[in-house]
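Undergrad: work_6.txt (compact mmCIF, C-alpha atoms and all ligand atoms) pasted underneath:
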# COMPACT_ATOMS: atom_id res chain seq x y z
CA MET A 19 115.14 91.33 135.14
CA SER A 20 115.46 91.77 131.42
CA TRP A 21 112.61 90.61 129.24
CA LYS A 22 113.43 87.39 127.39
CA GLY A 23 110.39 87.11 125.14
CA ILE A 24 106.95 85.61 125.49
CA ILE A 25 107.99 81.96 125.76
CA GLU A 26 110.24 82.55 128.78
CA GLN A 27 107.66 84.86 130.33
CA TYR A 28 104.67 82.56 129.91
CA ARG A 29 106.36 79.17 129.64
CA SER A 30 103.87 77.35 131.88
CA TYR A 31 101.00 78.32 129.58
CA LEU A 32 102.74 77.21 126.39
CA PRO A 33 103.42 73.79 124.85
CA VAL A 34 107.19 73.90 125.29
CA THR A 35 109.56 71.68 127.27
CA GLU A 36 113.18 71.92 128.37
CA GLN A 37 114.00 70.24 125.05
CA THR A 38 112.39 72.96 122.94
CA PRO A 39 115.07 75.22 121.44
CA ILE A 40 113.70 78.72 121.97
CA VAL A 41 114.01 80.99 118.95
CA SER A 42 113.24 84.49 120.18
CA LEU A 43 113.85 88.14 119.35
CA HIS A 44 112.52 89.12 122.80
CA GLU A 45 109.09 89.81 121.35
CA GLY A 46 106.16 90.91 123.51
CA ASN A 47 106.12 93.26 126.52
CA THR A 48 104.61 95.89 124.22
CA PRO A 49 103.32 99.20 125.61
CA LEU A 50 99.73 99.53 126.81
CA ILE A 51 99.15 103.24 126.35
CA GLN A 52 96.13 105.16 127.55
CA SER A 53 94.53 107.27 124.84
CA HIS A 54 93.26 110.40 126.51
CA TRP A 55 91.05 111.63 123.69
CA LEU A 56 89.47 108.23 123.15
CA SER A 57 88.89 107.89 126.89
CA GLU A 58 87.19 111.28 126.93
CA LEU A 59 85.19 110.43 123.86
CA VAL A 60 83.68 107.37 125.53
CA GLY A 61 83.32 109.59 128.59
CA ASN A 62 82.16 109.15 132.20
CA GLY A 63 85.55 107.97 133.39
CA ALA A 64 85.98 105.19 130.84
CA GLU A 65 89.60 104.29 130.13
CA VAL A 66 90.67 103.43 126.60
CA TYR A 67 94.06 101.83 126.05
CA LEU A 68 96.06 101.05 122.93
CA LYS A 69 98.07 97.83 122.93
CA TYR A 70 100.85 98.92 120.63
CA GLU A 71 101.79 95.67 118.94
CA GLY A 72 103.79 97.53 116.31
CA MET A 73 106.52 97.68 118.97
CA ASN A 74 107.35 94.00 118.48
CA PRO A 75 110.74 93.21 116.88
CA THR A 76 109.46 92.93 113.30
CA GLY A 77 106.77 95.54 113.86
CA SER A 78 103.65 93.44 114.35
CA PHE A 79 101.88 91.01 116.70
CA LYS A 80 102.88 88.15 114.41
CA ASP A 81 106.17 87.84 116.33
CA ARG A 82 104.31 86.36 119.30
CA GLY A 83 103.06 83.50 117.17
CA MET A 84 106.23 83.14 115.16
CA THR A 85 108.58 82.64 118.13
CA MET A 86 106.42 79.61 118.99
CA ALA A 87 105.98 78.31 115.44
CA ILE A 88 109.68 78.55 114.60
CA SER A 89 110.82 77.13 117.94
CA LYS A 90 108.53 74.13 117.44
CA ALA A 91 109.66 73.77 113.82
CA VAL A 92 113.28 73.58 114.99
CA GLU A 93 112.32 71.11 117.71
CA ALA A 94 110.67 68.95 115.02
CA LYS A 95 113.90 69.10 112.97
CA SER A 96 112.24 70.99 110.15
CA VAL A 97 114.64 72.80 107.80
CA ALA A 98 112.20 74.98 105.87
CA VAL A 99 109.08 76.97 106.70
CA LEU A 100 106.41 78.37 104.45
CA CYS A 101 103.59 80.88 104.71
CA ALA A 102 101.10 82.78 102.62
CA SER A 103 100.91 86.36 103.77
CA THR A 104 99.50 89.82 103.32
CA GLY A 105 102.91 90.92 104.61
CA ASN A 106 103.33 90.81 108.37
CA THR A 107 103.37 87.04 108.72
CA SER A 108 106.03 86.88 106.01
CA ALA A 109 108.11 89.56 107.76
CA ALA A 110 107.98 87.65 111.05
CA ALA A 111 108.50 84.23 109.47
CA SER A 112 111.54 85.37 107.52
CA ALA A 113 113.15 87.09 110.53
CA TYR A 114 112.65 84.18 112.95
CA ALA A 115 113.64 81.65 110.27
CA ALA A 116 116.82 83.65 109.63
CA ARG A 117 117.60 83.56 113.34
CA ALA A 118 117.07 79.80 113.46
CA GLY A 119 119.00 79.13 110.26
CA LEU A 120 115.93 77.80 108.45
CA THR A 121 114.91 78.43 104.88
CA SER A 122 111.76 80.54 104.62
CA ILE A 123 109.42 80.62 101.66
CA VAL A 124 106.69 83.24 101.44
CA LEU A 125 103.77 83.50 99.04
CA ILE A 126 102.48 87.04 98.78
CA PRO A 127 99.66 88.52 96.71
CA ASN A 128 101.59 90.38 94.03
CA GLY A 129 101.14 94.15 94.24
CA ASN A 130 99.09 94.04 97.40
CA ILE A 131 101.57 94.10 100.25
CA ALA A 132 103.01 97.20 101.86
CA LEU A 133 106.56 98.17 100.97
CA GLY A 134 108.03 97.83 104.46
CA LYS A 135 106.84 94.25 104.73
CA LEU A 136 108.20 93.27 101.34
CA SER A 137 111.55 94.81 102.23
CA GLN A 138 111.64 92.78 105.45
CA ALA A 139 111.08 89.43 103.72
CA LEU A 140 113.70 90.29 101.11
CA ILE A 141 116.38 91.50 103.51
CA HIS A 142 115.96 88.52 105.85
CA GLY A 143 116.68 86.27 102.91
CA ALA A 144 113.29 84.65 102.38
CA LYS A 145 112.49 83.04 99.07
CA VAL A 146 109.72 85.37 98.00
CA ALA A 147 107.03 84.31 95.53
CA PRO A 148 104.84 87.24 94.45
CA VAL A 149 101.85 85.24 93.22
CA GLU A 150 99.33 86.65 90.74
CA ALA A 151 96.45 86.00 93.13
CA ASN A 152 94.93 87.27 96.35
CA PHE A 153 95.81 86.08 99.87
CA ASP A 154 93.11 83.43 99.99
CA THR A 155 94.48 81.69 96.90
CA CYS A 156 98.04 82.03 98.25
CA LEU A 157 96.95 80.26 101.43
CA GLU A 158 95.33 77.42 99.46
CA LEU A 159 98.57 77.02 97.51
CA ALA A 160 100.64 77.10 100.70
CA LYS A 161 98.54 74.31 102.22
CA GLU A 162 98.94 72.23 99.08
CA ILE A 163 102.72 72.76 99.09
CA ALA A 164 102.99 71.84 102.78
CA ASP A 165 101.09 68.60 102.04
CA LYS A 166 103.43 67.66 99.20
CA TYR A 167 106.84 68.80 100.45
CA PRO A 168 108.75 68.49 103.74
CA ILE A 169 108.08 72.11 104.69
CA THR A 170 106.41 73.41 107.86
CA LEU A 171 103.44 75.71 107.34
CA VAL A 172 103.60 78.68 109.72
CA ASN A 173 100.30 80.35 108.93
CA SER A 174 97.92 80.60 111.88
CA ILE A 175 96.35 77.22 111.02
CA ASN A 176 99.57 76.03 112.69
CA PRO A 177 98.30 75.78 116.30
CA HIS A 178 101.61 76.99 117.75
CA ARG A 179 100.94 80.40 116.20
CA ILE A 180 97.71 80.74 118.19
CA GLU A 181 99.49 79.61 121.35
CA GLY A 182 102.08 82.35 121.03
CA GLN A 183 99.59 85.05 120.10
CA LYS A 184 97.39 84.38 123.12
CA THR A 185 100.12 85.98 125.27
CA CYS A 186 98.86 89.40 124.17
CA ALA A 187 95.82 88.80 126.40
CA PHE A 188 98.09 87.73 129.27
CA GLU A 189 100.14 90.92 129.02
CA ILE A 190 97.09 93.16 128.93
CA SER A 191 95.64 91.39 131.97
CA ASP A 192 98.95 91.55 133.85
CA THR A 193 99.30 95.27 133.16
CA LEU A 194 95.72 96.17 134.09
CA GLY A 195 95.59 93.79 137.04
CA ASP A 196 92.54 92.13 135.48
CA ALA A 197 91.09 91.55 132.02
CA PRO A 198 89.56 94.61 130.33
CA ASP A 199 85.80 94.89 129.85
CA PHE A 200 86.11 95.19 126.07
CA ASN A 201 88.83 94.01 123.70
CA LEU A 202 88.70 95.49 120.19
CA THR A 203 90.78 94.02 117.42
CA PRO A 204 91.16 94.09 113.63
CA VAL A 205 90.18 90.83 111.94
CA GLY A 206 91.63 89.37 108.76
CA ASN A 207 92.42 85.68 108.74
CA ALA A 208 90.91 85.63 112.27
CA GLY A 209 93.81 83.93 114.02
CA ASN A 210 94.43 86.84 116.34
CA ILE A 211 90.92 87.26 117.73
CA THR A 212 90.92 83.48 118.25
CA ALA A 213 94.25 83.64 120.09
CA GLN A 214 93.30 86.62 122.25
CA TRP A 215 90.08 84.97 123.37
CA LYS A 216 91.95 81.75 124.16
CA GLY A 217 94.40 83.77 126.25
CA TYR A 218 91.68 85.55 128.21
CA CYS A 219 89.86 82.26 128.85
CA GLU A 220 93.01 80.47 130.03
CA TYR A 221 94.02 83.31 132.34
CA HIS A 222 90.51 83.38 133.76
CA SER A 223 90.54 79.60 134.36
CA ALA A 224 93.92 79.93 136.06
CA GLY A 225 92.42 82.45 138.48
CA LYS A 226 94.56 85.31 137.18
CA THR A 227 91.56 87.45 136.23
CA THR A 228 88.04 87.91 137.54
CA LEU A 229 86.31 88.74 134.27
CA LEU A 230 86.24 87.93 130.59
CA PRO A 231 86.16 90.76 128.07
CA ARG A 232 83.62 91.14 125.32
CA MET A 233 85.46 90.60 122.06
CA LEU A 234 84.73 93.14 119.34
CA GLY A 235 86.28 92.35 115.97
CA PHE A 236 86.44 94.69 112.99
CA GLN A 237 86.89 93.80 109.34
CA ALA A 238 87.31 96.18 106.44
CA ALA A 239 83.97 96.75 104.69
CA GLY A 240 85.28 95.42 101.37
CA ALA A 241 86.70 92.33 103.05
CA ALA A 242 84.11 91.41 105.65
CA PRO A 243 83.20 87.73 105.16
CA LEU A 244 82.48 87.16 108.86
CA VAL A 245 80.04 90.05 108.85
CA HIS A 246 78.22 88.83 105.73
CA GLY A 247 78.35 85.20 106.79
CA LYS A 248 79.92 84.08 103.53
CA PRO A 249 83.34 84.27 101.85
CA VAL A 250 84.16 87.37 99.80
CA LEU A 251 85.56 86.32 96.42
CA ASN A 252 87.38 89.54 95.58
CA PRO A 253 88.16 91.34 98.83
CA GLU A 254 89.17 94.98 98.45
CA THR A 255 90.48 97.46 101.00
CA ILE A 256 93.33 99.91 101.39
CA ALA A 257 94.14 98.01 104.60
CA THR A 258 96.07 95.37 102.65
CA ALA A 259 96.98 93.42 105.82
CA ILE A 260 93.33 92.41 106.23
CA ARG A 261 92.44 92.08 102.55
CA ILE A 262 91.20 88.55 103.19
CA GLY A 263 87.97 86.99 101.92
CA ASN A 264 87.93 83.54 103.49
CA PRO A 265 89.48 83.53 106.97
CA ALA A 266 91.13 80.29 108.08
CA SER A 267 89.95 80.65 111.71
CA TRP A 268 86.35 81.40 110.71
CA ASP A 269 84.59 79.13 113.21
CA GLN A 270 86.88 80.05 116.09
CA ALA A 271 86.30 83.77 115.51
CA ILE A 272 82.54 83.28 115.51
CA GLN A 273 82.87 81.29 118.70
CA ALA A 274 84.97 84.00 120.35
CA ARG A 275 82.35 86.53 119.34
CA ASP A 276 79.43 84.49 120.65
CA ASP A 277 81.02 83.08 123.81
CA SER A 278 82.13 86.57 124.85
CA ASN A 279 78.83 88.24 124.00
CA GLY A 280 80.75 90.37 121.52
CA LEU A 281 80.38 91.28 117.87
CA ILE A 282 82.19 91.34 114.54
CA ASP A 283 81.38 94.31 112.34
CA ALA A 284 82.79 96.17 109.36
CA VAL A 285 84.41 99.60 109.13
CA THR A 286 84.86 101.45 105.85
CA ASP A 287 88.21 102.43 104.40
CA ASP A 288 87.35 106.07 105.12
CA GLU A 289 86.67 105.24 108.75
CA ILE A 290 89.92 103.27 108.93
CA LEU A 291 91.93 106.14 107.45
CA ALA A 292 90.32 108.71 109.73
CA ALA A 293 91.23 106.61 112.78
CA TYR A 294 94.72 106.03 111.35
CA GLN A 295 95.36 109.76 111.07
CA GLN A 296 93.86 110.62 114.43
CA LEU A 297 95.98 108.04 116.22
CA ALA A 298 99.04 109.61 114.65
CA THR A 299 98.11 113.24 115.30
CA ARG A 300 96.38 112.94 118.68
CA ASP A 301 98.15 110.03 120.39
CA GLY A 302 101.52 110.10 118.64
CA VAL A 303 100.93 106.45 117.83
CA PHE A 304 101.77 105.50 114.26
CA VAL A 305 100.08 102.32 113.12
CA GLU A 306 99.45 100.73 109.78
CA PRO A 307 95.96 101.17 108.31
CA ALA A 308 94.69 97.66 109.18
CA SER A 309 95.59 98.28 112.81
CA ALA A 310 93.39 101.34 112.93
CA ALA A 311 90.33 99.16 112.24
CA SER A 312 90.02 98.51 115.99
CA VAL A 313 89.98 102.24 116.73
CA ALA A 314 87.62 102.92 113.82
CA GLY A 315 85.35 100.33 115.42
CA LEU A 316 85.62 102.06 118.79
CA LEU A 317 84.69 105.41 117.22
CA LYS A 318 81.72 103.85 115.44
CA TYR A 319 80.37 102.18 118.56
CA ALA A 320 81.08 105.11 120.86
CA GLN A 321 78.96 107.23 118.53
CA ARG A 322 76.13 104.75 118.96
CA ASP A 323 76.46 104.98 122.76
CA TYR A 324 77.20 101.28 122.83
CA PHE A 325 79.37 101.62 125.91
CA ALA A 326 76.98 103.81 127.90
CA LYS A 327 74.95 101.05 129.52
CA PRO A 328 77.88 98.80 130.53
CA LEU A 329 79.57 101.90 131.89
CA ALA A 330 76.50 102.93 133.89
CA ASP A 331 76.05 99.37 135.20
CA LYS A 332 79.63 98.99 136.31
CA GLY A 333 80.68 102.50 137.18
CA ARG A 334 83.98 102.03 135.41
CA LEU A 335 85.02 100.58 132.08
CA ARG A 336 88.34 99.58 130.64
CA ILE A 337 88.54 99.17 126.89
CA VAL A 338 91.59 97.93 125.00
CA CYS A 339 92.09 98.50 121.29
CA ILE A 340 94.75 96.23 119.82
CA VAL A 341 96.78 98.16 117.26
CA THR A 342 98.46 95.31 115.48
CA GLY A 343 101.20 96.70 113.24
CA HIS A 344 103.60 99.64 112.99
CA GLY A 345 102.92 102.59 110.72
CA LEU A 346 106.37 102.37 109.17
CA LYS A 347 105.29 99.15 107.51
CA ASP A 348 103.39 101.20 104.97
CA PRO A 349 105.11 104.56 104.49
CA GLU A 350 103.46 105.02 101.11
CA ARG A 351 100.04 105.21 102.73
CA ALA A 352 101.19 107.88 105.17
CA ILE A 353 102.61 109.98 102.38
CA LYS A 354 99.46 109.54 100.28
CA SER A 355 97.31 110.65 103.22
CA ILE A 356 98.92 114.04 103.70
CA GLU A 357 99.64 116.82 101.24
CA LEU A 358 103.40 116.94 100.69
CA PRO A 359 105.01 120.31 101.47
CA ASP A 360 106.69 122.28 98.65
CA ARG A 361 110.47 122.62 98.49
CA ILE A 362 111.88 125.70 100.17
CA GLN A 363 114.93 127.89 99.45
CA PRO A 364 117.55 127.71 102.24
CA SER A 365 116.78 130.92 104.13
CA VAL A 366 114.99 131.60 107.41
CA GLU A 367 112.72 134.00 105.58
CA SER A 368 111.50 131.51 103.05
CA ILE A 369 110.99 128.89 105.76
CA HIS A 370 109.01 131.46 107.74
CA GLN A 371 106.95 132.29 104.67
CA ALA A 372 106.06 128.66 104.12
CA ILE A 373 105.49 127.60 107.72
CA ASN A 374 104.76 130.75 109.79
CA LEU A 375 107.34 130.30 112.53
CA ALA A 376 105.60 132.84 114.76
CA GLY A 377 102.83 130.28 115.23
C1 LIG A 401 98.58 94.59 110.96
O1 LIG A 401 100.42 88.87 107.56
O2 LIG A 401 97.16 87.82 107.64
O3 LIG A 401 92.89 88.20 111.87
O4 LIG A 401 99.46 87.36 106.34
O5 LIG A 401 98.97 92.22 109.50
O6 LIG A 401 94.96 87.17 112.78
O7 LIG A 401 94.71 87.57 110.33
C2 LIG A 401 98.04 89.75 108.65
C3 LIG A 401 96.98 90.08 109.40
C4 LIG A 401 95.57 92.64 111.66
C5 LIG A 401 94.67 90.47 111.04
N1 LIG A 401 96.49 93.61 111.64
O8 LIG A 401 95.01 89.43 111.93
C6 LIG A 401 99.41 88.23 107.22
C7 LIG A 401 98.11 88.55 107.84
C8 LIG A 401 97.61 93.48 110.93
C9 LIG A 401 97.84 92.30 110.19
C10 LIG A 401 95.73 91.48 110.94
C11 LIG A 401 96.87 91.30 110.18
P1 LIG A 401 94.37 88.01 111.72
Rewrite the structure of this file - the entire thing - as structure tokens.

TA:
Amino acid sequence: MSWKGIIEQYRSYLPVTEQTPIVSLHEGNTPLIQSHWLSELVGNGAEVYLKYEGMNPTGSFKDRGMTMAISKAVEAKSVAVLCASTGNTSAAASAYAARAGLTSIVLIPNGNIALGKLSQALIHGAKVAPVEANFDTCLELAKEIADKYPITLVNSINPHRIEGQKTCAFEISDTLGDAPDFNLTPVGNAGNITAQWKGYCEYHSAGKTTLLPRMLGFQAAGAAPLVHGKPVLNPETIATAIRIGNPASWDQAIQARDDSNGLIDAVTDDEILAAYQQLATRDGVFVEPASAASVAGLLKYAQRDYFAKPLADKGRLRIVCIVTGHGLKDPERAIKSIELPDRIQPSVESIHQAINLAG
């Protein structure tokens, strides 16, 4: 059977009816790939998996939430949708809105979104407003606009977004045959950790799984309000997707952390970039920098032997790192991270001189 997207797959868990017009790009069903070096690093038979959410149609997990938000907007006879975004939400909103024939309006922090994401919003025909402000201010403006005008807000404060995004937890549980022991995820506006936890809890209540994972969330050190316990006025990080100082789903993220006996911590930009490069060179998995925050978190906690006791207690451990967005979203970062090779004259000899073809 061909995959028809997360709403068809998980219909009974989602607030849709026969009357809901489904707007889908067949999102979801993303690969859960074992990382051999990360598994070995944790050691003693632990299994570490990457949930490669960059393989969604617009290149990020946002598609799971957007198929729901746009379908419900169409059902409600809305003609225009709006979001504030660090890039991926705007890419998903503009693609799904295009498919549904809706107008999309996106507020982005000028100069602080990756090139791939900007190109997506533009090519899908969104009305793009590069605002001279950070994401948090853009979101405040978006809320104000949605109050004043007949436009549907599709940021993750729209509950349909969370409903769609919880299907990531369903897929992981279906693939593994149970929930993992640990679920590591990058945290920005905190909708995704909220949604994943909701998904795990619902699947557990439905008897589909026997355990609930501990939820480990990772923010960038320069944008870590949940770690400091107060908003960050001027968040700064190279991981522009999570350059967020006042997350909308603050309370829900804290609840996911506490109810799951998990944690939310910060990783530095250097740690994020190191994980970003290692995923690319050791796993062949190209993610955008923000996505590597989950793996940077894994590396940090593996070094502290955090997993040793749960592993000893249980005899086996399954850890899932959510890698949320595709590396091609931010090609400039990849090119900045590696020294560019010099130009070469068109002869085998000069190529050999530059590269050493004999190995
Ligand atoms: C790749 O697109 O907030 O904690 O406006 O793009 O649910 O916000 C993106 C967030 C992680 C954080 N990884 O998820 C937006 C936006 C990537 C992201 C996050 C984002 P949330």

Undergrad: Would you compute, for all listed atoms of ligand LIG 401 (chain A), the axis-aligned bounding box grown by 8 Å on each side, and then report its centre and edge lengths in Å rounded to one decimal, as lines of an AutoDock Vina configuration file?

TA:
center_x = 96.7
center_y = 90.9
center_z = 109.6
size_x = 23.5
size_y = 23.4
size_z = 22.4

Undergrad: Contacts between ligand LIG 401 (chain A) and chain A, please, where a residue of chain A counts if it comes within 8 Å (with only C-alpha atoms and all ligand atoms); show its shortest atom pair and distance in Å to one decimal, rows by chain and ascending number, as a tab-separated table.

TA:
residue	atom	partner	partner_atom	distance
A:Ser78	CA	A:LIG401	C1	6.2
A:Phe79	CA	A:LIG401	C1	7.5
A:Lys80	CA	A:LIG401	O1	7.3
A:Cys101	CA	A:LIG401	O4	7.9
A:Ala102	CA	A:LIG401	O4	6.1
A:Ser103	CA	A:LIG401	O4	3.1
A:Thr104	CA	A:LIG401	O4	3.9
A:Gly105	CA	A:LIG401	O1	4.4
A:Asn106	CA	A:LIG401	O1	3.6
A:Thr107	CA	A:LIG401	O1	3.7
A:Ser108	CA	A:LIG401	O1	6.2
A:Ala109	CA	A:LIG401	O1	7.7
A:Phe153	CA	A:LIG401	O4	7.5
A:Asn173	CA	A:LIG401	O4	7.5
A:Ser174	CA	A:LIG401	O6	7.3
A:Thr203	CA	A:LIG401	C4	7.6
A:Pro204	CA	A:LIG401	C4	5.0
A:Val205	CA	A:LIG401	O3	3.8
A:Gly206	CA	A:LIG401	O3	3.6
A:Asn207	CA	A:LIG401	O7	3.4
A:Ala208	CA	A:LIG401	O3	3.3
A:Gly209	CA	A:LIG401	O6	3.7
A:Asn210	CA	A:LIG401	O6	3.6
A:Ile211	CA	A:LIG401	O3	6.3
A:Thr212	CA	A:LIG401	O6	7.7
A:Ala259	CA	A:LIG401	O5	4.4
A:Ile260	CA	A:LIG401	C5	5.4
A:Ile262	CA	A:LIG401	O2	7.5
A:Pro265	CA	A:LIG401	O7	7.4
A:Glu306	CA	A:LIG401	C1	6.3
A:Pro307	CA	A:LIG401	C1	7.6
A:Ala308	CA	A:LIG401	N1	5.1
A:Ser309	CA	A:LIG401	N1	4.9
A:Val341	CA	A:LIG401	N1	7.2
A:Thr342	CA	A:LIG401	C1	4.6
A:Gly343	CA	A:LIG401	C1	4.1
A:His344	CA	A:LIG401	C1	7.4

Undergrad: What does the structure give for the distance between atom CA of A:Ala118 and atom CA of A:Ile88, in Å to one decimal?

TA: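 It comes out at 7.6 Å.
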
Undergrad: Write out as a list in words which residues come within 12 Å of stretch 354-362 of chain A when counting only C-alpha atoms, dropping same-chain ones fewer than 2 positions away.

TA: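 With the cut-off at 12 Å, the set is Ile256, Asp288, Ile290, Leu291, Ala292, Tyr294, Gln295, Gln296, Ala298, Thr299, Pro307, Asp348, Pro349, Glu350, Arg351, Ala352, Pro364, Ser365, Val366, Glu367, Ser368, Ile369, His370, Gln371, Ala372 and Ile373 of chain A.
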
Undergrad: Dig up all the protein and nucleic acid residues within 12 Å of (80.0, 81.9, 126.4) in the file frame, using all atoms listed in the file, and format them as a PyMOL selection string.

TA: chain A and resi 215+219+230-233+272-280

Undergrad: Figure out the distance between atom CA of A:Lys216 and atom CA of A:Leu229, please, to one decimal in Å.

TA: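 Interatomic distance here is 13.5 Å.
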
Undergrad: Atom CA of A:Gly23 and atom CA of A:Ala271 are how many Å apart?

TA: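 Interatomic distance here is 26.2 Å.
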
Undergrad: Find the residues near A:Pro148: any atom within 8 Å, counting all atoms listed in the file, skip ones fewer than 4 places away on the same chain, and give them as a list of chain:residue names.

TA: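 Contacts, in chain order: A:Leu125, A:Ile126, A:Pro127, A:Asn128, A:Gly129.
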
Undergrad: Determine, for each residue of stretch 137-184 of chain A having at least one atom at most 12 Å from an atom of stretch 238-253 of chain A, the closest pair of atoms and their separation in Å to one decimal, counting only C-alpha atoms; order by chain and ascending number, as a tab-separated table.

TA:
residue	atom	partner	partner_atom	distance
A:Ala151	CA	A:Asn252	CA	10.0
A:Asn152	CA	A:Asn252	CA	7.9
A:Phe153	CA	A:Pro253	CA	9.3
A:Asp154	CA	A:Leu251	CA	8.8
A:Thr155	CA	A:Leu251	CA	10.1
